[in-house]
>>> print(open('my_file-v7.cif').read())   # mmCIF, C-alpha atoms
data_target
loop_
_atom_site.group_PDB
_atom_site.id
_atom_site.type_symbol
_atom_site.label_atom_id
_atom_site.label_comp_id
_atom_site.auth_asym_id
_atom_site.auth_seq_id
_atom_site.Cartn_x
_atom_site.Cartn_y
_atom_site.Cartn_z
ATOM 1 C CA MET S 145 0.000 0.000 0.000
ATOM 2 C CA GLY S 146 2.865 2.350 0.936
ATOM 3 C CA ASN S 147 4.536 1.884 -2.464
ATOM 4 C CA GLN S 148 1.305 2.551 -4.312
ATOM 5 C CA ILE S 149 0.782 5.761 -2.369
ATOM 6 C CA GLN S 150 4.340 6.876 -3.083
ATOM 7 C CA LYS S 151 3.861 6.171 -6.781
ATOM 8 C CA ARG S 152 0.712 8.278 -6.836
ATOM 9 C CA ILE S 153 2.401 11.140 -4.966
ATOM 10 C CA LYS S 154 5.372 11.073 -7.330
ATOM 11 C CA GLY S 155 3.100 10.889 -10.364
ATOM 12 C CA THR S 156 1.117 13.893 -9.179
ATOM 13 C CA MET S 157 4.222 15.944 -8.413
ATOM 14 C CA SER S 158 5.867 14.951 -11.682
ATOM 15 C CA ALA S 159 2.842 16.144 -13.662
ATOM 16 C CA ILE S 160 2.593 19.471 -11.857
ATOM 17 C CA PHE S 161 6.316 20.265 -11.955
ATOM 18 C CA ASN S 162 6.746 18.836 -15.426
ATOM 19 C CA VAL S 163 9.751 16.700 -14.507
ATOM 20 C CA PRO S 164 10.382 12.944 -14.917
ATOM 21 C CA VAL S 165 9.030 10.788 -12.086
ATOM 22 C CA ASP S 166 12.519 9.589 -11.137
ATOM 23 C CA GLU S 167 13.535 13.156 -10.339
ATOM 24 C CA ILE S 168 11.066 13.014 -7.457
ATOM 25 C CA ASP S 169 13.276 11.149 -5.018
ATOM 26 C CA SER S 170 13.523 11.285 -1.223
ATOM 27 C CA THR S 171 15.560 14.504 -1.388
ATOM 28 C CA ALA S 172 13.196 16.324 -3.738
ATOM 29 C CA SER S 173 12.449 19.889 -2.677
ATOM 30 C CA PRO S 174 12.231 23.354 -4.242
ATOM 31 C CA ARG S 175 16.039 23.321 -4.155
ATOM 32 C CA THR S 176 16.287 20.331 -6.449
ATOM 33 C CA ILE S 177 13.251 21.017 -8.651
ATOM 34 C CA LYS S 178 13.372 24.437 -10.246
ATOM 35 C CA SER S 179 9.685 24.547 -11.208
ATOM 36 C CA TRP S 180 8.633 23.932 -7.591
ATOM 37 C CA LYS S 181 7.732 27.507 -6.698
ATOM 38 C CA GLY S 182 4.895 30.018 -6.434
ATOM 39 C CA LYS S 183 1.662 28.933 -8.050
ATOM 40 C CA ASN S 184 3.028 25.469 -8.807
ATOM 41 C CA HIS S 185 3.295 24.764 -5.101
ATOM 42 C CA LEU S 186 -0.384 25.570 -4.619
ATOM 43 C CA LYS S 187 -1.267 23.553 -7.723
ATOM 44 C CA MET S 188 0.593 20.583 -6.258
ATOM 45 C CA VAL S 189 -1.295 20.943 -2.950
ATOM 46 C CA GLU S 190 -4.626 21.009 -4.778
ATOM 47 C CA ALA S 191 -3.644 18.105 -7.008
ATOM 48 C CA LEU S 192 -2.628 15.972 -4.009
ATOM 49 C CA GLU S 193 -5.879 16.815 -2.218
ATOM 50 C CA SER S 194 -7.812 15.791 -5.280
ATOM 51 C CA GLU S 195 -5.758 12.628 -5.933
ATOM 52 C CA PHE S 196 -6.187 11.338 -2.381
ATOM 53 C CA ASP S 197 -9.537 12.967 -1.560
ATOM 54 C CA ILE S 198 -8.108 14.742 1.474
ATOM 55 C CA LYS S 199 -8.016 18.310 2.742
ATOM 56 C CA PHE S 200 -4.753 19.520 4.246
ATOM 57 C CA GLU S 201 -4.908 21.690 7.337
ATOM 58 C CA GLU S 202 -4.020 25.305 6.695
ATOM 59 C CA CYS S 203 -0.853 25.147 8.786
ATOM 60 C CA GLU S 204 0.287 22.005 6.952
ATOM 61 C CA ILE S 205 0.427 23.607 3.531
ATOM 62 C CA GLU S 206 3.552 25.642 4.181
ATOM 63 C CA THR S 207 5.330 22.552 5.534
ATOM 64 C CA LEU S 208 4.878 20.594 2.306
ATOM 65 C CA VAL S 209 8.200 21.699 0.891
ATOM 66 C CA SER S 210 9.990 18.380 0.610
ATOM 67 C CA TYR S 211 9.019 14.984 -0.715
ATOM 68 C CA LYS S 212 9.828 13.518 2.690
ATOM 69 C CA VAL S 213 7.257 15.694 4.484
ATOM 70 C CA ILE S 214 4.681 15.277 1.724
ATOM 71 C CA LYS S 215 4.978 11.496 1.873
ATOM 72 C CA ALA S 216 4.568 11.396 5.669
ATOM 73 C CA THR S 217 1.636 13.819 5.560
ATOM 74 C CA VAL S 218 -0.282 12.045 2.812
ATOM 75 C CA MET S 219 0.348 8.628 4.360
ATOM 76 C CA ALA S 220 -0.909 9.869 7.723
ATOM 77 C CA TYR S 221 -4.179 10.844 6.051
ATOM 78 C CA VAL S 222 -4.752 7.743 3.985
ATOM 79 C CA SER S 223 -3.201 4.857 5.922
ATOM 80 C CA MET Y 185 26.161 13.279 21.972
ATOM 81 C CA SER Y 186 22.458 13.162 21.153
ATOM 82 C CA LYS Y 187 20.035 15.460 19.432
ATOM 83 C CA PHE Y 188 16.839 16.307 21.297
ATOM 84 C CA LEU Y 189 13.670 17.842 19.914
ATOM 85 C CA ILE Y 190 11.179 19.000 22.536
ATOM 86 C CA LEU Y 191 7.723 20.207 21.535
ATOM 87 C CA THR Y 192 5.407 21.405 24.258
ATOM 88 C CA ASP Y 193 2.324 23.498 24.787
ATOM 89 C CA SER Y 194 2.350 26.243 27.427
ATOM 90 C CA ILE Y 195 2.803 23.706 30.220
ATOM 91 C CA GLY Y 196 6.456 23.324 29.218
ATOM 92 C CA ASN Y 197 7.083 27.019 29.812
ATOM 93 C CA PRO Y 198 8.156 28.729 33.030
ATOM 94 C CA ARG Y 199 5.326 30.238 35.066
ATOM 95 C CA SER Y 200 5.305 33.670 36.655
ATOM 96 C CA PHE Y 201 1.982 33.462 38.454
ATOM 97 C CA PRO Y 202 0.554 32.933 40.983
ATOM 98 C CA VAL Y 203 3.451 34.269 43.056
ATOM 99 C CA SER Y 204 3.263 31.305 45.411
ATOM 100 C CA GLU Y 205 3.895 28.920 42.510
ATOM 101 C CA ILE Y 206 6.432 30.711 40.352
ATOM 102 C CA THR Y 207 8.411 28.262 38.220
ATOM 103 C CA GLN Y 208 11.683 29.525 36.835
ATOM 104 C CA LEU Y 209 12.999 28.472 33.441
ATOM 105 C CA GLU Y 210 15.737 26.421 35.101
ATOM 106 C CA GLU Y 211 13.063 24.532 37.045
ATOM 107 C CA THR Y 212 11.099 23.400 34.000
ATOM 108 C CA TYR Y 213 11.405 19.744 33.088
ATOM 109 C CA SER Y 214 12.987 20.418 29.723
ATOM 110 C CA TYR Y 215 15.751 22.470 31.320
ATOM 111 C CA ILE Y 216 16.377 19.795 33.938
ATOM 112 C CA ILE Y 217 16.739 17.279 31.106
ATOM 113 C CA ARG Y 218 19.161 19.593 29.284
ATOM 114 C CA ASN Y 219 21.283 19.800 32.386
ATOM 115 C CA ASN Y 220 21.605 16.041 32.363
ATOM 116 C CA PHE Y 221 22.815 15.964 28.764
ATOM 117 C CA LYS Y 222 25.189 18.892 28.625
ATOM 118 C CA ASN Y 223 26.983 17.671 25.501
ATOM 119 C CA SER Y 224 23.795 17.171 23.547
ATOM 120 C CA THR Y 225 22.016 19.519 21.162
ATOM 121 C CA PHE Y 226 18.504 20.670 22.001
ATOM 122 C CA TRP Y 227 15.812 22.340 19.925
ATOM 123 C CA GLN Y 228 12.727 23.239 21.885
ATOM 124 C CA LEU Y 229 9.482 24.888 20.920
ATOM 125 C CA SER Y 230 6.977 25.643 23.671
ATOM 126 C CA TYR Y 231 3.923 27.527 22.534
ATOM 127 C CA GLY Y 232 0.627 28.095 24.286
ATOM 128 C CA ASN Y 233 -2.901 27.777 22.928
ATOM 129 C CA VAL Y 234 -2.020 25.966 19.698
ATOM 130 C CA SER Y 235 -3.049 22.540 18.481
ATOM 131 C CA THR Y 236 -0.557 19.701 18.135
ATOM 132 C CA GLU Y 237 -0.678 20.098 14.358
ATOM 133 C CA GLN Y 238 0.147 23.804 14.591
ATOM 134 C CA LEU Y 239 2.976 23.077 17.017
ATOM 135 C CA PHE Y 240 4.348 20.221 14.943
ATOM 136 C CA SER Y 241 4.131 22.186 11.696
ATOM 137 C CA GLN Y 242 7.028 24.311 12.874
ATOM 138 C CA ALA Y 243 9.224 21.277 13.439
ATOM 139 C CA ALA Y 244 8.096 19.587 10.247
ATOM 140 C CA GLY Y 245 8.875 22.645 8.185
ATOM 141 C CA TYR Y 246 12.298 23.347 9.582
ATOM 142 C CA LEU Y 247 13.646 20.141 11.061
ATOM 143 C CA SER Y 248 12.586 17.251 8.853
ATOM 144 C CA ASN Y 249 16.196 16.651 7.804
ATOM 145 C CA TRP Y 250 17.714 17.131 11.240
ATOM 146 C CA GLU Y 251 16.854 13.600 12.448
ATOM 147 C CA PRO Y 252 16.807 14.032 16.222
ATOM 148 C CA ASP Y 253 17.651 10.994 18.363
ATOM 149 C CA ILE Y 254 15.016 11.744 20.958
ATOM 150 C CA ILE Y 255 11.748 13.624 20.561
ATOM 151 C CA ILE Y 256 9.624 14.599 23.533
ATOM 152 C CA ILE Y 257 6.077 15.658 22.729
ATOM 153 C CA HIS Y 258 3.893 17.269 25.310
ATOM 154 C CA SER Y 259 0.737 18.433 23.610
ATOM 155 C CA GLY Y 260 -2.915 17.493 23.279
ATOM 156 C CA ILE Y 261 -4.913 19.395 25.861
ATOM 157 C CA ILE Y 262 -5.761 22.185 23.393
ATOM 158 C CA ASP Y 263 -6.807 19.592 20.807
ATOM 159 C CA SER Y 264 -9.014 17.678 23.184
ATOM 160 C CA ARG Y 265 -10.589 20.027 25.700
ATOM 161 C CA PRO Y 266 -14.216 21.069 25.264
ATOM 162 C CA GLU Y 267 -15.018 24.678 24.427
ATOM 163 C CA ALA Y 268 -18.219 26.696 24.191
ATOM 164 C CA PHE Y 269 -17.225 28.310 20.892
ATOM 165 C CA THR Y 270 -14.852 27.629 18.031
ATOM 166 C CA GLU Y 271 -11.788 29.855 17.641
ATOM 167 C CA PHE Y 272 -13.458 31.544 14.691
ATOM 168 C CA GLN Y 273 -16.600 32.247 16.708
ATOM 169 C CA LYS Y 274 -14.478 33.647 19.548
ATOM 170 C CA THR Y 275 -12.701 35.957 17.108
ATOM 171 C CA VAL Y 276 -16.019 37.146 15.675
ATOM 172 C CA ILE Y 277 -17.442 37.777 19.154
ATOM 173 C CA ASN Y 278 -14.258 39.631 20.059
ATOM 174 C CA LYS Y 279 -14.353 41.793 16.919
ATOM 175 C CA LEU Y 280 -18.059 42.536 17.229
ATOM 176 C CA THR Y 281 -17.928 43.499 20.856
ATOM 177 C CA GLY Y 282 -14.531 45.186 21.022
ATOM 178 C CA ARG Y 283 -11.812 44.372 23.500
ATOM 179 C CA PHE Y 284 -13.449 46.087 26.468
ATOM 180 C CA VAL Y 285 -16.831 44.427 26.090
ATOM 181 C CA PHE Y 286 -15.215 41.100 25.199
ATOM 182 C CA GLY Y 287 -13.366 41.274 28.505
ATOM 183 C CA LYS Y 288 -16.747 41.537 30.225
ATOM 184 C CA ILE Y 289 -18.428 38.745 28.298
ATOM 185 C CA LYS Y 290 -15.343 36.511 28.418
ATOM 186 C CA LYS Y 291 -16.654 34.832 31.555
ATOM 187 C CA TYR Y 292 -19.675 33.714 29.551
ATOM 188 C CA VAL Y 293 -17.575 32.556 26.596
ATOM 189 C CA PHE Y 294 -15.742 30.265 29.000
ATOM 190 C CA HIS Y 295 -18.705 29.531 31.269
ATOM 191 C CA PRO Y 296 -18.759 25.845 32.329
ATOM 192 C CA ALA Y 297 -22.511 25.518 31.776
ATOM 193 C CA LEU Y 298 -22.130 26.785 28.221
ATOM 194 C CA ILE Y 299 -19.155 24.493 27.622
ATOM 195 C CA ARG Y 300 -21.141 21.537 28.995
ATOM 196 C CA HIS Y 301 -24.050 22.395 26.734
ATOM 197 C CA ARG Y 302 -22.126 23.109 23.516
ATOM 198 C CA GLN Y 303 -19.104 20.722 23.707
ATOM 199 C CA VAL Y 304 -17.191 22.230 20.776
ATOM 200 C CA TYR Y 305 -13.722 20.815 20.024
ATOM 201 C CA ARG Y 306 -10.821 22.430 18.274
ATOM 202 C CA VAL Y 307 -9.436 19.205 16.787
ATOM 203 C CA SER Y 308 -11.404 16.076 15.958
ATOM 204 C CA LYS Y 309 -10.137 12.658 17.041
ATOM 205 C CA ALA Y 310 -9.501 11.753 13.399
ATOM 206 C CA ARG Y 311 -7.374 14.863 12.837
ATOM 207 C CA PHE Y 312 -5.462 14.261 16.066
ATOM 208 C CA ARG Y 313 -4.794 10.653 15.038
ATOM 209 C CA LYS Y 314 -3.549 11.862 11.655
ATOM 210 C CA THR Y 315 -1.100 14.292 13.291
ATOM 211 C CA ALA Y 316 0.164 11.663 15.729
ATOM 212 C CA LYS Y 317 0.735 9.251 12.842
ATOM 213 C CA LYS Y 318 2.477 11.886 10.747
ATOM 214 C CA ILE Y 319 4.995 12.662 13.483
ATOM 215 C CA LYS Y 320 5.865 8.974 13.696
ATOM 216 C CA LEU Y 321 6.120 8.635 9.920
ATOM 217 C CA LEU Y 322 8.298 11.708 9.514
ATOM 218 C CA PHE Y 323 10.638 10.943 12.402
ATOM 219 C CA GLY Y 324 10.672 7.181 12.094
ATOM 220 C CA GLN Y 325 14.323 6.865 13.170
ATOM 221 C CA SER Y 326 13.827 8.854 16.378
ATOM 222 C CA LYS Y 327 12.815 7.662 19.817
ATOM 223 C CA ILE Y 328 9.569 9.547 20.387
ATOM 224 C CA LEU Y 329 8.220 9.929 23.918
ATOM 225 C CA TRP Y 330 4.721 11.387 24.098
ATOM 226 C CA LEU Y 331 3.608 12.601 27.515
ATOM 227 C CA GLU Y 332 0.149 11.752 28.821
ATOM 228 C CA ILE Y 333 -2.392 14.562 28.371
ATOM 229 C CA CYS Y 334 -3.403 15.335 31.920
ATOM 230 C CA VAL Y 335 -4.858 17.905 34.267
ATOM 231 C CA ALA Y 336 -5.750 17.969 37.962
ATOM 232 C CA ASP Y 337 -9.164 16.719 38.991
ATOM 233 C CA GLY Y 338 -10.548 20.245 39.520
ATOM 234 C CA TYR Y 339 -10.198 21.022 35.815
ATOM 235 C CA GLU Y 340 -13.324 19.030 35.018
ATOM 236 C CA SER Y 341 -15.557 21.562 36.763
ATOM 237 C CA ALA Y 342 -14.152 24.398 34.632
ATOM 238 C CA ARG Y 343 -14.251 22.337 31.435
ATOM 239 C CA PRO Y 344 -17.037 19.786 31.796
ATOM 240 C CA GLY Y 345 -16.307 16.768 29.613
ATOM 241 C CA ALA Y 346 -12.528 17.325 29.614
ATOM 242 C CA ASN Y 347 -11.673 14.042 31.351
ATOM 243 C CA LYS Y 348 -13.588 11.881 28.913
ATOM 244 C CA ARG Y 349 -12.084 13.702 25.945
ATOM 245 C CA MET Y 350 -8.546 13.466 27.305
ATOM 246 C CA GLU Y 351 -8.955 9.753 27.872
ATOM 247 C CA ALA Y 352 -9.976 9.277 24.244
ATOM 248 C CA TYR Y 353 -7.012 11.293 22.960
ATOM 249 C CA ASN Y 354 -4.594 9.507 25.296
ATOM 250 C CA ASN Y 355 -5.908 6.235 23.888
ATOM 251 C CA ILE Y 356 -5.058 7.435 20.388
ATOM 252 C CA ILE Y 357 -1.490 8.224 21.491
ATOM 253 C CA LYS Y 358 -1.195 4.823 23.209
ATOM 254 C CA GLU Y 359 -2.499 3.069 20.124
ATOM 255 C CA ILE Y 360 0.163 4.697 17.915
ATOM 256 C CA TYR Y 361 3.112 4.991 20.302
ATOM 257 C CA GLY Y 362 2.585 1.957 22.552
ATOM 258 C CA LYS Y 363 5.183 1.846 25.330
ATOM 259 C CA ASP Y 364 6.501 5.271 24.344
ATOM 260 C CA PHE Y 365 3.347 6.822 25.753
ATOM 261 C CA VAL Y 366 4.582 8.230 29.068
ATOM 262 C CA LYS Y 367 2.189 8.242 32.004
ATOM 263 C CA ILE Y 368 2.754 11.246 34.247
ATOM 264 C CA LYS Y 369 -0.477 12.256 35.995
ATOM 265 C CA GLU Y 370 -0.179 9.930 38.952
ATOM 266 C CA LYS Y 371 3.324 11.140 39.784
ATOM 267 C CA ILE Y 372 2.372 14.817 39.442
ATOM 268 C CA LEU Y 373 -0.543 14.287 41.836
ATOM 269 C CA GLU Y 374 1.768 12.458 44.254
ATOM 270 C CA VAL Y 375 4.029 15.501 44.549
ATOM 271 C CA ASP Y 376 1.140 17.993 44.484
ATOM 272 C CA GLY Y 377 2.636 19.282 41.262
ATOM 273 C CA PHE Y 378 -0.334 20.933 39.583
ATOM 274 C CA ASN Y 379 -0.662 24.696 39.668
ATOM 275 C CA VAL Y 380 -3.832 26.243 41.186
ATOM 276 C CA ASP Y 381 -5.274 26.502 37.654
ATOM 277 C CA ASN Y 382 -5.360 22.674 37.622
ATOM 278 C CA LEU Y 383 -3.559 22.662 34.269
ATOM 279 C CA HIS Y 384 -0.017 24.024 34.500
ATOM 280 C CA TRP Y 385 2.647 22.646 36.828
ATOM 281 C CA ASN Y 386 4.626 24.047 39.686
ATOM 282 C CA LYS Y 387 8.300 23.229 40.155
ATOM 283 C CA SER Y 388 7.529 19.958 41.964
ATOM 284 C CA GLY Y 389 5.460 18.859 38.977
ATOM 285 C CA HIS Y 390 8.232 19.737 36.552
ATOM 286 C CA ARG Y 391 10.826 17.923 38.681
ATOM 287 C CA ALA Y 392 8.658 14.800 38.854
ATOM 288 C CA VAL Y 393 8.129 14.733 35.095
ATOM 289 C CA ALA Y 394 11.829 15.346 34.436
ATOM 290 C CA ASP Y 395 12.653 12.323 36.612
ATOM 291 C CA ILE Y 396 10.185 10.117 34.727
ATOM 292 C CA ILE Y 397 11.605 11.161 31.349
ATOM 293 C CA LEU Y 398 15.222 10.793 32.479
ATOM 294 C CA ASP Y 399 14.457 7.274 33.705
ATOM 295 C CA ARG Y 400 12.941 6.444 30.313
ATOM 296 C CA ILE Y 401 15.875 7.856 28.367
ATOM 297 C CA ASN Y 402 18.486 6.214 30.549
ATOM 298 C CA ALA Y 403 16.707 2.860 30.360
ATOM 299 C CA ALA Y 404 16.558 2.958 26.546
#
>>> encode(input="my_file-v7.cif", output="structure tokens")
Amino acid sequence: MGNQIQKRIKGTMSAIFNVPVDEIDSTASPRTIKSWKGKNHLKMVEALESEFDIKFEECEIETLVSYKVIKATVMAYVS
Amino acid sequence: MSKFLILTDSIGNPRSFPVSEITQLEETYSYIIRNNFKNSTFWQLSYGNVSTEQLFSQAAGYLSNWEPDIIIIHSGIIDSRPEAFTEFQKTVINKLTGRFVFGKIKKYVFHPALIRHRQVYRVSKARFRKTAKKIKLLFGQSKILWLEICVADGYESARPGANKRMEAYNNIIKEIYGKDFVKIKEKILEVDGFNVDNLHWNKSGHRAVADIILDRINAA
């Protein structure tokens, strides 16, 4: 289940940031992905909410700035 | 040398009132722990009147790559305790009435009968469970000790329904953290460690909790 979730997160991020899926690794962050900024960040948040049918808490949104945090947050909602 | 992350609500802070129960910074449990690990690195955030998610968001945002060895979490009363109004409703009442009038009606906003009747909660059990899980998922390599959510017995009369709610939230922590859930209430009561507000601790309470945590860390 964990792997499936990770695949879906990576797929969503890859589509929003327009980068290959294998660029979304455990170190992925706005530092490693140039298109991860501004509106794209909010688009990613919305896309993840839609993909997993969840609603992030307001204070969570600004923490979603690394794949590591995103993975833990999404998994906490869906697992 | 170890790395410690300590996240607490206002109870982890020093206390300047009432005068008879002043607790200095050096007497707080986190400081006592620091003094026992002088060569270790500590990052502590103690913030009052915020939910566990709001508290944890700070650590998640800034420290997710730091990988602390030991994490102590002391939060949950704000999430679980019953209220008469939501935070939004309180803000609206405050804005509509102005600070002066709000001061006068504050006693009704926090009136036990109204709290008993309305039973509004800031954080649902499902949201609290999600946050507790997330902390474990994000800091999977760390030893996480989560302190029991507790108050003195008199708190129930000010916040009717608080005990039942706290029990439910403590059960969520136990379910996720198992033996790393740290029981503290009994010991605090033993040393008469609760402040007169039945929520915060005096220096005896802090000392007792420090001893419990130190025993846990040293036994690990």
>>> closest_atom_pairs(input="my_file-v7.cif", of="chain S", to="chain Y", cutoff="7 Å", atoms="only C-alpha atoms", output="JSON lines")
{"residue": "S:Cys203", "atom": "CA", "partner": "Y:Gln238", "partner_atom": "CA", "distance": 6.0}
{"residue": "S:Glu204", "atom": "CA", "partner": "Y:Ser241", "partner_atom": "CA", "distance": 6.1}
{"residue": "S:Thr207", "atom": "CA", "partner": "Y:Gly245", "partner_atom": "CA", "distance": 4.4}
{"residue": "S:Val213", "atom": "CA", "partner": "Y:Leu322", "partner_atom": "CA", "distance": 6.5}
{"residue": "S:Ala216", "atom": "CA", "partner": "Y:Leu321", "partner_atom": "CA", "distance": 5.3}
{"residue": "S:Thr217", "atom": "CA", "partner": "Y:Lys318", "partner_atom": "CA", "distance": 5.6}
{"residue": "S:Ala220", "atom": "CA", "partner": "Y:Lys318", "partner_atom": "CA", "distance": 5.0}
{"residue": "S:Tyr221", "atom": "CA", "partner": "Y:Lys314", "partner_atom": "CA", "distance": 5.7}
>>> resolve_selection(input="my_file-v7.cif", expression="the PyMOL selection byres ((chain Y and resi 185) around 9)", output="MDAnalysis selection string")
chainID Y and resid 186:187 221:225
>>> write_last_selection(input="my_file-v7.cif", atoms="C-alpha atoms", output="CSV table (one decimal), in the frame of the given file")
chain,number,residue,atom,x,y,z
Y,186,SER,CA,22.5,13.2,21.2
Y,187,LYS,CA,20.0,15.5,19.4
Y,221,PHE,CA,22.8,16.0,28.8
Y,222,LYS,CA,25.2,18.9,28.6
Y,223,ASN,CA,27.0,17.7,25.5
Y,224,SER,CA,23.8,17.2,23.5
Y,225,THR,CA,22.0,19.5,21.2
>>> closest_residue(input="my_file-v7.cif", among="Y:Ile360, Y:Ile255, Y:Leu209, Y:Leu298", to="Asn386 (chain Y)", atoms="all atoms listed in the file")
Y:Leu209
>>> residues_around(input="my_file-v7.cif", residues="Thr270 (chain Y)", least_positions_apart="2", cutoff="9 Å", atoms="all atoms listed in the file", output="list in words")
Glu267, Ala268, Phe272, Gln273, Lys274, Thr275, Val304, Tyr305 and Arg306 of chain Y
>>> resolve_selection(input="my_file-v7.cif", expression="the PyMOL selection byres ((chain S and resi 181-194) around 9)", output="PDB file with C-alpha atoms, keeping the file's coordinate frame")
ATOM      1  CA  ARG S 152       0.712   8.278  -6.836  1.00  0.00           C
ATOM      2  CA  ILE S 153       2.401  11.140  -4.966  1.00  0.00           C
ATOM      3  CA  THR S 156       1.117  13.893  -9.179  1.00  0.00           C
ATOM      4  CA  MET S 157       4.222  15.944  -8.413  1.00  0.00           C
ATOM      5  CA  ALA S 159       2.842  16.144 -13.662  1.00  0.00           C
ATOM      6  CA  ILE S 160       2.593  19.471 -11.857  1.00  0.00           C
ATOM      7  CA  PHE S 161       6.316  20.265 -11.955  1.00  0.00           C
ATOM      8  CA  PRO S 174      12.231  23.354  -4.242  1.00  0.00           C
ATOM      9  CA  ILE S 177      13.251  21.017  -8.651  1.00  0.00           C
ATOM     10  CA  LYS S 178      13.372  24.437 -10.246  1.00  0.00           C
ATOM     11  CA  SER S 179       9.685  24.547 -11.208  1.00  0.00           C
ATOM     12  CA  TRP S 180       8.633  23.932  -7.591  1.00  0.00           C
ATOM     13  CA  GLU S 195      -5.758  12.628  -5.933  1.00  0.00           C
ATOM     14  CA  PHE S 196      -6.187  11.338  -2.381  1.00  0.00           C
ATOM     15  CA  ASP S 197      -9.537  12.967  -1.560  1.00  0.00           C
ATOM     16  CA  ILE S 198      -8.108  14.742   1.474  1.00  0.00           C
ATOM     17  CA  LYS S 199      -8.016  18.310   2.742  1.00  0.00           C
ATOM     18  CA  PHE S 200      -4.753  19.520   4.246  1.00  0.00           C
ATOM     19  CA  ILE S 205       0.427  23.607   3.531  1.00  0.00           C
ATOM     20  CA  LEU S 208       4.878  20.594   2.306  1.00  0.00           C
ATOM     21  CA  VAL S 209       8.200  21.699   0.891  1.00  0.00           C
ATOM     22  CA  VAL S 218      -0.282  12.045   2.812  1.00  0.00           C
TER      23      VAL S 218
END
>>> residues_near_point(input="my_file-v7.cif", point="(-15.6, 21.7, 27.2)", cutoff="9 Å", atoms="all atoms listed in the file", output="list in words")
Ser264, Arg265, Pro266, Glu267, Ala268, Phe294, Pro296, Leu298, Ile299, Arg300, His301, Arg302, Gln303, Val304, Tyr305, Glu340, Ala342, Arg343, Pro344, Gly345, Ala346 and Arg349 of chain Y
>>> build_atoms(input="my_file-v7.cif", residues="region 169-173 of chain S", atoms="all heavy atoms", output="short mmCIF file (atom, residue, chain, number, x, y, z; two decimals), keeping the file's coordinate frame")
data_model
loop_
_atom_site.label_atom_id
_atom_site.label_comp_id
_atom_site.auth_asym_id
_atom_site.auth_seq_id
_atom_site.Cartn_x
_atom_site.Cartn_y
_atom_site.Cartn_z
N ASP S 169 12.73 12.15 -5.95
CA ASP S 169 13.28 11.15 -5.02
C ASP S 169 13.13 11.66 -3.58
O ASP S 169 12.49 12.67 -3.34
CB ASP S 169 14.74 10.83 -5.37
CG ASP S 169 15.62 12.06 -5.30
OD1 ASP S 169 15.18 13.09 -4.73
OD2 ASP S 169 16.76 12.00 -5.81
N SER S 170 13.74 10.95 -2.64
CA SER S 170 13.52 11.28 -1.22
C SER S 170 14.11 12.65 -0.85
O SER S 170 13.78 13.20 0.20
CB SER S 170 14.11 10.19 -0.34
OG SER S 170 15.49 10.11 -0.59
N THR S 171 14.98 13.19 -1.72
CA THR S 171 15.56 14.50 -1.39
C THR S 171 14.86 15.64 -2.13
O THR S 171 15.29 16.80 -2.03
CB THR S 171 17.06 14.53 -1.75
OG1 THR S 171 17.17 14.36 -3.18
CG2 THR S 171 17.85 13.44 -1.05
N ALA S 172 13.84 15.30 -2.91
CA ALA S 172 13.20 16.32 -3.74
C ALA S 172 12.64 17.48 -2.90
O ALA S 172 11.99 17.27 -1.87
CB ALA S 172 12.07 15.69 -4.56
N SER S 173 12.91 18.68 -3.36
CA SER S 173 12.45 19.89 -2.68
C SER S 173 12.54 21.04 -3.67
O SER S 173 13.07 20.85 -4.78
CB SER S 173 13.34 20.17 -1.46
OG SER S 173 14.58 20.67 -1.89
#
